[in-house]
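**Q** One structure, pasted below without further comment.
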Amino acid sequence: MRVIAGAAKGHNLQTIEGLATRPTTDRIKETLFNIIAFDLPACSFLDLFSGSGAIGIEALSRGAAEAVFVEDAAECQKVITANLQHTKLQDRARLMKTDVFSALEKLAAEGKTFDIIFMDPPYESGLYEPVLGKILEKGLLKKEGYLIAERSAQIPLTPPAGMTVLREKVYKTTILTFLCQEEEVV
């Protein structure tokens, strides 16, 4: 796995051995970042269930002002730290070593909001809707921002009330779902 473009282009990234994580393939990552490329410069990026940190690191490499990584697995935390140091992007990164719900509570208490939120929970975890609901409840997504959920094509995703699907990019076994907040009707 490597950084595809930007300041850290070509840097190889460490990954986690075994089946505990499922890294986003380079092909899907490249397509994702081609879609969001114009929104990255100076954006605030939140990478939930970070794994190796590859998605957030790619965002930083391509000009995001900051990226917050949320990961509760100790082995993944070490890999994220090593990858940030290797790419020299740690000065614009924050690693939250906790579960996603605790991190969302803490970020909300700090008044943080994000332009782009990426989430890739374990496919069979049942966490998609609860995490989307918490993000909406805590107001962590900027009004003009959007969220990207990577999921298995076998797992349906029902956006919570207040969120709507902008678009979906379908691969053989993976779907990237782009969501935004619904505009309030006055």
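Lettering and numbering for the structure tokens are positional, with chains as A, B, ... in the shown order, residues counted from 1 in each chain, and ligands counted from 1 in the shown order.
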List as a tab-separated table every residue of segment 74-125 of chain A that is in contact with segment 49-56 of chain A, defined as an atom at most 6 Å from one of its atoms (using only C-alpha atoms), together with the nearest atom pair and the distance in Å rounded to one decimal, sorted by chain and then rising number.

**A**
residue	atom	partner	partner_atom	distance
A:Cys76	CA	A:Gly51	CA	5.4
A:Val79	CA	A:Ser52	CA	5.7
A:Ile80	CA	A:Gly53	CA	5.1
A:Asp120	CA	A:Phe49	CA	5.9
A:Pro121	CA	A:Phe49	CA	5.5

**Q** Residues of the last selection are to be written out with all heavy atoms, as a PDB file, in the first residue's frame.

**A**
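again_22.pdb, freshly written:
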ATOM      1  N   CYS A  76      -2.977  -1.112  15.395  1.00  0.00           N
ATOM      2  CA  CYS A  76      -3.255  -0.133  14.339  1.00  0.00           C
ATOM      3  C   CYS A  76      -2.726   1.248  14.730  1.00  0.00           C
ATOM      4  O   CYS A  76      -2.194   1.972  13.883  1.00  0.00           O
ATOM      5  CB  CYS A  76      -4.756  -0.058  14.065  1.00  0.00           C
ATOM      6  SG  CYS A  76      -5.451  -1.548  13.321  1.00  0.00           S
ATOM      7  N   VAL A  79       0.879   1.474  13.909  1.00  0.00           N
ATOM      8  CA  VAL A  79       1.089   1.556  12.457  1.00  0.00           C
ATOM      9  C   VAL A  79       0.756   2.964  11.955  1.00  0.00           C
ATOM     10  O   VAL A  79       1.502   3.537  11.148  1.00  0.00           O
ATOM     11  CB  VAL A  79       0.261   0.481  11.720  1.00  0.00           C
ATOM     12  CG1 VAL A  79       0.247   0.718  10.224  1.00  0.00           C
ATOM     13  CG2 VAL A  79       0.816  -0.901  12.031  1.00  0.00           C
ATOM     14  N   ILE A  80      -0.350   3.551  12.434  1.00  0.00           N
ATOM     15  CA  ILE A  80      -0.709   4.922  12.031  1.00  0.00           C
ATOM     16  C   ILE A  80       0.405   5.884  12.418  1.00  0.00           C
ATOM     17  O   ILE A  80       0.839   6.713  11.608  1.00  0.00           O
ATOM     18  CB  ILE A  80      -2.051   5.359  12.663  1.00  0.00           C
ATOM     19  CG1 ILE A  80      -3.205   4.543  12.085  1.00  0.00           C
ATOM     20  CG2 ILE A  80      -2.289   6.859  12.441  1.00  0.00           C
ATOM     21  CD1 ILE A  80      -4.523   4.680  12.855  1.00  0.00           C
ATOM     22  N   ASP A 120     -15.048   3.537   7.598  1.00  0.00           N
ATOM     23  CA  ASP A 120     -14.916   2.200   7.027  1.00  0.00           C
ATOM     24  C   ASP A 120     -14.895   1.200   8.182  1.00  0.00           C
ATOM     25  O   ASP A 120     -13.875   0.586   8.464  1.00  0.00           O
ATOM     26  CB  ASP A 120     -13.631   2.130   6.191  1.00  0.00           C
ATOM     27  CG  ASP A 120     -13.453   0.797   5.494  1.00  0.00           C
ATOM     28  OD1 ASP A 120     -14.409  -0.006   5.474  1.00  0.00           O
ATOM     29  OD2 ASP A 120     -12.343   0.549   4.978  1.00  0.00           O
ATOM     30  N   PRO A 121     -16.048   1.060   8.877  1.00  0.00           N
ATOM     31  CA  PRO A 121     -16.076   0.121  10.009  1.00  0.00           C
ATOM     32  C   PRO A 121     -16.023  -1.325   9.522  1.00  0.00           C
ATOM     33  O   PRO A 121     -16.234  -1.586   8.341  1.00  0.00           O
ATOM     34  CB  PRO A 121     -17.418   0.415  10.682  1.00  0.00           C
ATOM     35  CG  PRO A 121     -18.263   1.007   9.625  1.00  0.00           C
ATOM     36  CD  PRO A 121     -17.328   1.716   8.678  1.00  0.00           C
TER      37      PRO A 121
END

**Q** Which residues are near Gly126 of chain A? Cut-off 12 Å, only C-alpha atoms, ignore same chain within fewer than 2 positions. Put them as a VMD selection string.

**A** chain A and resid 120 to 124 128 to 132 151 to 152 155 to 158

**Q** Using the selection just defined, write its residues with all heavy atoms as a short mmCIF file (atom, residue, chain, number, x, y, z; two decimals), in the first residue's frame.

**A**
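Below is the file part02.cif, written as the result:
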data_model
loop_
_atom_site.label_atom_id
_atom_site.label_comp_id
_atom_site.auth_asym_id
_atom_site.auth_seq_id
_atom_site.Cartn_x
_atom_site.Cartn_y
_atom_site.Cartn_z
N ASP A 120 -15.05 3.54 7.60
CA ASP A 120 -14.92 2.20 7.03
C ASP A 120 -14.89 1.20 8.18
O ASP A 120 -13.87 0.59 8.46
CB ASP A 120 -13.63 2.13 6.19
CG ASP A 120 -13.45 0.80 5.49
OD1 ASP A 120 -14.41 -0.01 5.47
OD2 ASP A 120 -12.34 0.55 4.98
N PRO A 121 -16.05 1.06 8.88
CA PRO A 121 -16.08 0.12 10.01
C PRO A 121 -16.02 -1.33 9.52
O PRO A 121 -16.23 -1.59 8.34
CB PRO A 121 -17.42 0.42 10.68
CG PRO A 121 -18.26 1.01 9.63
CD PRO A 121 -17.33 1.72 8.68
N PRO A 122 -15.74 -2.25 10.44
CA PRO A 122 -15.82 -3.66 10.04
C PRO A 122 -17.20 -3.91 9.42
O PRO A 122 -18.22 -3.49 9.97
CB PRO A 122 -15.66 -4.40 11.37
CG PRO A 122 -14.92 -3.44 12.25
CD PRO A 122 -15.37 -2.07 11.84
N TYR A 123 -17.21 -4.53 8.26
CA TYR A 123 -18.44 -4.66 7.49
C TYR A 123 -19.61 -5.26 8.26
O TYR A 123 -20.73 -4.81 8.15
CB TYR A 123 -18.20 -5.50 6.23
CG TYR A 123 -17.47 -4.77 5.11
CD1 TYR A 123 -17.02 -5.48 4.00
CD2 TYR A 123 -17.24 -3.41 5.14
CE1 TYR A 123 -16.37 -4.85 2.95
CE2 TYR A 123 -16.59 -2.76 4.11
CZ TYR A 123 -16.15 -3.48 3.01
OH TYR A 123 -15.51 -2.86 1.98
N GLU A 124 -19.36 -6.28 9.04
CA GLU A 124 -20.45 -6.98 9.73
C GLU A 124 -20.74 -6.41 11.11
O GLU A 124 -21.47 -7.00 11.89
CB GLU A 124 -20.12 -8.48 9.85
CG GLU A 124 -19.89 -9.17 8.51
CD GLU A 124 -21.11 -9.20 7.61
OE1 GLU A 124 -22.24 -9.19 8.14
OE2 GLU A 124 -20.93 -9.22 6.39
N TYR A 128 -22.76 1.17 10.97
CA TYR A 128 -22.98 2.26 10.01
C TYR A 128 -24.04 3.24 10.50
O TYR A 128 -23.76 4.44 10.65
CB TYR A 128 -23.34 1.71 8.62
CG TYR A 128 -22.17 1.06 7.94
CD1 TYR A 128 -21.94 -0.31 8.06
CD2 TYR A 128 -21.28 1.81 7.19
CE1 TYR A 128 -20.85 -0.91 7.44
CE2 TYR A 128 -20.18 1.21 6.57
CZ TYR A 128 -19.98 -0.14 6.71
OH TYR A 128 -18.89 -0.73 6.10
N GLU A 129 -25.25 2.79 10.72
CA GLU A 129 -26.33 3.68 11.10
C GLU A 129 -26.09 4.34 12.46
O GLU A 129 -26.29 5.55 12.59
CB GLU A 129 -27.69 2.97 11.04
CG GLU A 129 -28.21 2.78 9.63
CD GLU A 129 -27.65 1.53 8.90
OE1 GLU A 129 -26.83 0.78 9.49
OE2 GLU A 129 -28.03 1.33 7.73
N PRO A 130 -25.64 3.59 13.50
CA PRO A 130 -25.39 4.25 14.78
C PRO A 130 -24.33 5.35 14.70
O PRO A 130 -24.48 6.41 15.32
CB PRO A 130 -24.92 3.11 15.70
CG PRO A 130 -25.48 1.87 15.10
CD PRO A 130 -25.51 2.12 13.62
N VAL A 131 -23.26 5.13 13.93
CA VAL A 131 -22.21 6.14 13.81
C VAL A 131 -22.74 7.35 13.03
O VAL A 131 -22.51 8.50 13.42
CB VAL A 131 -20.94 5.56 13.15
CG1 VAL A 131 -19.94 6.66 12.82
CG2 VAL A 131 -20.30 4.53 14.07
N LEU A 132 -23.46 7.11 11.94
CA LEU A 132 -24.05 8.23 11.18
C LEU A 132 -24.98 9.04 12.07
O LEU A 132 -24.95 10.28 12.05
CB LEU A 132 -24.82 7.70 9.97
CG LEU A 132 -24.00 7.10 8.84
CD1 LEU A 132 -24.90 6.47 7.79
CD2 LEU A 132 -23.09 8.14 8.20
N ARG A 151 -18.47 0.34 2.29
CA ARG A 151 -19.17 -0.82 2.80
C ARG A 151 -19.18 -1.94 1.77
O ARG A 151 -18.91 -1.72 0.60
CB ARG A 151 -20.61 -0.46 3.20
CG ARG A 151 -21.45 0.01 2.03
CD ARG A 151 -22.78 0.60 2.51
NE ARG A 151 -23.50 1.23 1.44
CZ ARG A 151 -24.38 0.62 0.65
NH1 ARG A 151 -24.65 -0.65 0.82
NH2 ARG A 151 -24.99 1.29 -0.30
N SER A 152 -19.52 -3.11 2.25
CA SER A 152 -19.68 -4.26 1.37
C SER A 152 -20.94 -4.07 0.53
O SER A 152 -21.95 -3.54 1.00
CB SER A 152 -19.82 -5.53 2.21
OG SER A 152 -20.33 -6.58 1.42
N ILE A 155 -24.11 -5.32 2.17
CA ILE A 155 -24.68 -4.68 3.37
C ILE A 155 -25.45 -3.43 2.96
O ILE A 155 -24.88 -2.47 2.44
CB ILE A 155 -23.56 -4.33 4.37
CG1 ILE A 155 -22.87 -5.61 4.83
CG2 ILE A 155 -24.12 -3.55 5.56
CD1 ILE A 155 -21.66 -5.39 5.68
N PRO A 156 -26.76 -3.41 3.22
CA PRO A 156 -27.54 -2.21 2.89
C PRO A 156 -27.21 -1.07 3.86
O PRO A 156 -26.76 -1.31 4.99
CB PRO A 156 -28.99 -2.68 3.06
CG PRO A 156 -28.92 -3.82 4.01
CD PRO A 156 -27.57 -4.46 3.81
N LEU A 157 -27.40 0.14 3.41
CA LEU A 157 -27.16 1.31 4.26
C LEU A 157 -28.39 2.20 4.19
O LEU A 157 -28.78 2.66 3.12
CB LEU A 157 -25.93 2.09 3.78
CG LEU A 157 -25.61 3.38 4.51
CD1 LEU A 157 -25.28 3.10 5.98
CD2 LEU A 157 -24.46 4.09 3.85
N THR A 158 -29.00 2.43 5.34
CA THR A 158 -30.15 3.31 5.44
C THR A 158 -29.72 4.58 6.15
O THR A 158 -29.40 4.54 7.34
CB THR A 158 -31.29 2.63 6.23
OG1 THR A 158 -31.58 1.37 5.62
CG2 THR A 158 -32.53 3.49 6.24
#

**Q** Between atom CA of Ala37 of chain A and atom CA of Ser61 of chain A, measure the distance and give it in Å to one decimal.

**A** 11.1 Å

**Q** Please, what distance in Å, to one decimal, runs between atom CA of Leu89 of chain A and atom CA of Ser102 of chain A?

**A**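 Atom CA of Leu89 of chain A sits 24.5 Å away from atom CA of Ser102 of chain A.
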
**Q** Could you please write out, as number ranges by chain, every residue of segment 133-181 of chain A that DSSP assigns to helix (DSSP H, G or I)?

**A** A: 133-138

**Q** Write to file, as a PDB file, in the first residue's frame, the residues of the selection just made, with all heavy atoms.

**A**
ATOM      1  N   GLY A 133     -25.784   8.358  12.860  1.00  0.00           N
ATOM      2  CA  GLY A 133     -26.707   9.045  13.771  1.00  0.00           C
ATOM      3  C   GLY A 133     -25.973   9.900  14.781  1.00  0.00           C
ATOM      4  O   GLY A 133     -26.366  11.040  15.061  1.00  0.00           O
ATOM      5  N   LYS A 134     -24.879   9.387  15.331  1.00  0.00           N
ATOM      6  CA  LYS A 134     -24.095  10.131  16.334  1.00  0.00           C
ATOM      7  C   LYS A 134     -23.428  11.354  15.695  1.00  0.00           C
ATOM      8  O   LYS A 134     -23.391  12.430  16.289  1.00  0.00           O
ATOM      9  CB  LYS A 134     -23.052   9.206  16.964  1.00  0.00           C
ATOM     10  CG  LYS A 134     -22.226   9.832  18.060  1.00  0.00           C
ATOM     11  CD  LYS A 134     -23.039  10.301  19.252  1.00  0.00           C
ATOM     12  CE  LYS A 134     -23.520   9.155  20.084  1.00  0.00           C
ATOM     13  NZ  LYS A 134     -24.207   9.618  21.319  1.00  0.00           N
ATOM     14  N   ILE A 135     -22.911  11.200  14.484  1.00  0.00           N
ATOM     15  CA  ILE A 135     -22.292  12.326  13.779  1.00  0.00           C
ATOM     16  C   ILE A 135     -23.317  13.438  13.563  1.00  0.00           C
ATOM     17  O   ILE A 135     -23.043  14.614  13.793  1.00  0.00           O
ATOM     18  CB  ILE A 135     -21.692  11.861  12.429  1.00  0.00           C
ATOM     19  CG1 ILE A 135     -20.447  11.013  12.683  1.00  0.00           C
ATOM     20  CG2 ILE A 135     -21.373  13.048  11.514  1.00  0.00           C
ATOM     21  CD1 ILE A 135     -19.955  10.243  11.466  1.00  0.00           C
ATOM     22  N   LEU A 136     -24.507  13.053  13.153  1.00  0.00           N
ATOM     23  CA  LEU A 136     -25.583  14.016  12.920  1.00  0.00           C
ATOM     24  C   LEU A 136     -26.021  14.665  14.227  1.00  0.00           C
ATOM     25  O   LEU A 136     -26.140  15.890  14.316  1.00  0.00           O
ATOM     26  CB  LEU A 136     -26.761  13.285  12.258  1.00  0.00           C
ATOM     27  CG  LEU A 136     -27.754  14.099  11.470  1.00  0.00           C
ATOM     28  CD1 LEU A 136     -27.089  14.921  10.383  1.00  0.00           C
ATOM     29  CD2 LEU A 136     -28.802  13.189  10.857  1.00  0.00           C
ATOM     30  N   GLU A 137     -26.233  13.844  15.233  1.00  0.00           N
ATOM     31  CA  GLU A 137     -26.673  14.331  16.547  1.00  0.00           C
ATOM     32  C   GLU A 137     -25.685  15.335  17.135  1.00  0.00           C
ATOM     33  O   GLU A 137     -26.083  16.351  17.710  1.00  0.00           O
ATOM     34  CB  GLU A 137     -26.835  13.140  17.498  1.00  0.00           C
ATOM     35  CG  GLU A 137     -27.098  13.504  18.948  1.00  0.00           C
ATOM     36  CD  GLU A 137     -26.874  12.329  19.889  1.00  0.00           C
ATOM     37  OE1 GLU A 137     -27.065  11.161  19.479  1.00  0.00           O
ATOM     38  OE2 GLU A 137     -26.487  12.581  21.049  1.00  0.00           O
ATOM     39  N   LYS A 138     -24.405  15.072  16.985  1.00  0.00           N
ATOM     40  CA  LYS A 138     -23.372  15.920  17.578  1.00  0.00           C
ATOM     41  C   LYS A 138     -22.950  17.081  16.681  1.00  0.00           C
ATOM     42  O   LYS A 138     -22.112  17.897  17.070  1.00  0.00           O
ATOM     43  CB  LYS A 138     -22.135  15.081  17.944  1.00  0.00           C
ATOM     44  CG  LYS A 138     -22.412  14.053  19.020  1.00  0.00           C
ATOM     45  CD  LYS A 138     -22.794  14.746  20.318  1.00  0.00           C
ATOM     46  CE  LYS A 138     -23.122  13.776  21.415  1.00  0.00           C
ATOM     47  NZ  LYS A 138     -23.542  14.475  22.653  1.00  0.00           N
TER      48      LYS A 138
END

**Q** Could you go through segment 117-183 of chain A and tell me which residues DSSP, when run on the backbone, assigns to strand (DSSP E or B), listing them as a PyMOL selection string?

**A** chain A and resi 117-119+141-152+163-170+174-181

**Q** Quick one: residues within 10 Å of Gly111 of chain A, only C-alpha atoms counted, chain neighbours fewer than 2 positions away excluded, as a PyMOL selection string?

**A** chain A and resi 105-109+113+138-140

**Q** Report as an mmCIF file with all heavy atoms, in the first residue's frame all protein, DNA and RNA residues lying within 8 Å of Met119 of chain A, evaluated on only C-alpha atoms, omitting residues in the same chain fewer than 2 positions from it.

**A**
data_model
loop_
_atom_site.group_PDB
_atom_site.id
_atom_site.type_symbol
_atom_site.label_atom_id
_atom_site.label_comp_id
_atom_site.auth_asym_id
_atom_site.auth_seq_id
_atom_site.Cartn_x
_atom_site.Cartn_y
_atom_site.Cartn_z
ATOM 1 N N ASP A 47 -11.070 10.635 9.809
ATOM 2 C CA ASP A 47 -10.919 9.261 9.344
ATOM 3 C C ASP A 47 -11.299 8.324 10.486
ATOM 4 O O ASP A 47 -10.529 8.138 11.429
ATOM 5 C CB ASP A 47 -9.462 9.042 8.907
ATOM 6 C CG ASP A 47 -9.193 7.673 8.303
ATOM 7 O OD1 ASP A 47 -10.118 6.846 8.247
ATOM 8 O OD2 ASP A 47 -8.038 7.435 7.890
ATOM 9 N N LEU A 48 -12.508 7.752 10.416
ATOM 10 C CA LEU A 48 -13.006 6.859 11.459
ATOM 11 C C LEU A 48 -12.658 5.418 11.130
ATOM 12 O O LEU A 48 -12.724 5.012 9.974
ATOM 13 C CB LEU A 48 -14.524 7.009 11.592
ATOM 14 C CG LEU A 48 -15.037 8.408 11.940
ATOM 15 C CD1 LEU A 48 -16.562 8.440 11.916
ATOM 16 C CD2 LEU A 48 -14.509 8.855 13.289
ATOM 17 N N PHE A 49 -12.358 4.628 12.145
ATOM 18 C CA PHE A 49 -11.919 3.236 11.962
ATOM 19 C C PHE A 49 -10.696 3.248 11.035
ATOM 20 O O PHE A 49 -10.676 2.618 9.989
ATOM 21 C CB PHE A 49 -13.042 2.368 11.373
ATOM 22 C CG PHE A 49 -14.348 2.455 12.115
ATOM 23 C CD1 PHE A 49 -15.343 3.319 11.712
ATOM 24 C CD2 PHE A 49 -14.566 1.666 13.236
ATOM 25 C CE1 PHE A 49 -16.553 3.404 12.394
ATOM 26 C CE2 PHE A 49 -15.778 1.739 13.929
ATOM 27 C CZ PHE A 49 -16.779 2.613 13.507
ATOM 28 N N SER A 50 -9.666 3.974 11.433
ATOM 29 C CA SER A 50 -8.550 4.330 10.558
ATOM 30 C C SER A 50 -7.690 3.182 10.063
ATOM 31 O O SER A 50 -7.060 3.311 9.014
ATOM 32 C CB SER A 50 -7.648 5.355 11.251
ATOM 33 O OG SER A 50 -8.362 6.532 11.520
ATOM 34 N N ILE A 117 -15.826 13.480 6.199
ATOM 35 C CA ILE A 117 -15.688 12.388 7.158
ATOM 36 C C ILE A 117 -15.695 11.091 6.358
ATOM 37 O O ILE A 117 -16.572 10.873 5.524
ATOM 38 C CB ILE A 117 -16.841 12.384 8.188
ATOM 39 C CG1 ILE A 117 -16.855 13.703 8.984
ATOM 40 C CG2 ILE A 117 -16.729 11.174 9.117
ATOM 41 C CD1 ILE A 117 -18.038 13.854 9.930
ATOM 42 N N PRO A 121 -16.048 1.060 8.877
ATOM 43 C CA PRO A 121 -16.076 0.121 10.009
ATOM 44 C C PRO A 121 -16.023 -1.325 9.522
ATOM 45 O O PRO A 121 -16.234 -1.586 8.341
ATOM 46 C CB PRO A 121 -17.418 0.415 10.682
ATOM 47 C CG PRO A 121 -18.263 1.007 9.625
ATOM 48 C CD PRO A 121 -17.328 1.716 8.678
ATOM 49 N N LEU A 147 -20.013 13.036 4.005
ATOM 50 C CA LEU A 147 -19.462 11.845 4.633
ATOM 51 C C LEU A 147 -19.386 10.746 3.582
ATOM 52 O O LEU A 147 -20.266 10.646 2.727
ATOM 53 C CB LEU A 147 -20.383 11.427 5.776
ATOM 54 C CG LEU A 147 -19.934 10.233 6.588
ATOM 55 C CD1 LEU A 147 -20.258 10.465 8.048
ATOM 56 C CD2 LEU A 147 -20.560 8.953 6.110
ATOM 57 N N ILE A 148 -18.346 9.937 3.665
ATOM 58 C CA ILE A 148 -18.173 8.808 2.759
ATOM 59 C C ILE A 148 -18.135 7.540 3.594
ATOM 60 O O ILE A 148 -17.309 7.423 4.510
ATOM 61 C CB ILE A 148 -16.868 8.929 1.946
ATOM 62 C CG1 ILE A 148 -16.807 10.266 1.200
ATOM 63 C CG2 ILE A 148 -16.729 7.750 0.981
ATOM 64 C CD1 ILE A 148 -15.425 10.812 1.056
ATOM 65 N N ALA A 149 -19.036 6.607 3.302
ATOM 66 C CA ALA A 149 -19.057 5.325 3.994
ATOM 67 C C ALA A 149 -18.643 4.239 3.015
ATOM 68 O O ALA A 149 -19.274 4.075 1.967
ATOM 69 C CB ALA A 149 -20.449 5.041 4.547
ATOM 70 N N GLU A 150 -17.573 3.527 3.350
ATOM 71 C CA GLU A 150 -17.166 2.382 2.538
ATOM 72 C C GLU A 150 -17.817 1.152 3.140
ATOM 73 O O GLU A 150 -17.756 0.937 4.353
ATOM 74 C CB GLU A 150 -15.644 2.225 2.533
ATOM 75 C CG GLU A 150 -15.194 1.048 1.698
ATOM 76 C CD GLU A 150 -13.679 0.902 1.585
ATOM 77 O OE1 GLU A 150 -12.971 1.924 1.649
ATOM 78 O OE2 GLU A 150 -13.227 -0.240 1.432
#

**Q** With only C-alpha atoms as the basis for distance, which of A:Lys97, A:Lys88, A:Lys143, A:Lys172 is at the shortest distance from Val68 of chain A?

**A** A:Lys97

**Q** Between atom CA of Leu95 of chain A and atom CA of Leu13 of chain A, what distance in Å does the model show, to one decimal?

**A**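 Here the two named atoms are 16.3 Å from each other.
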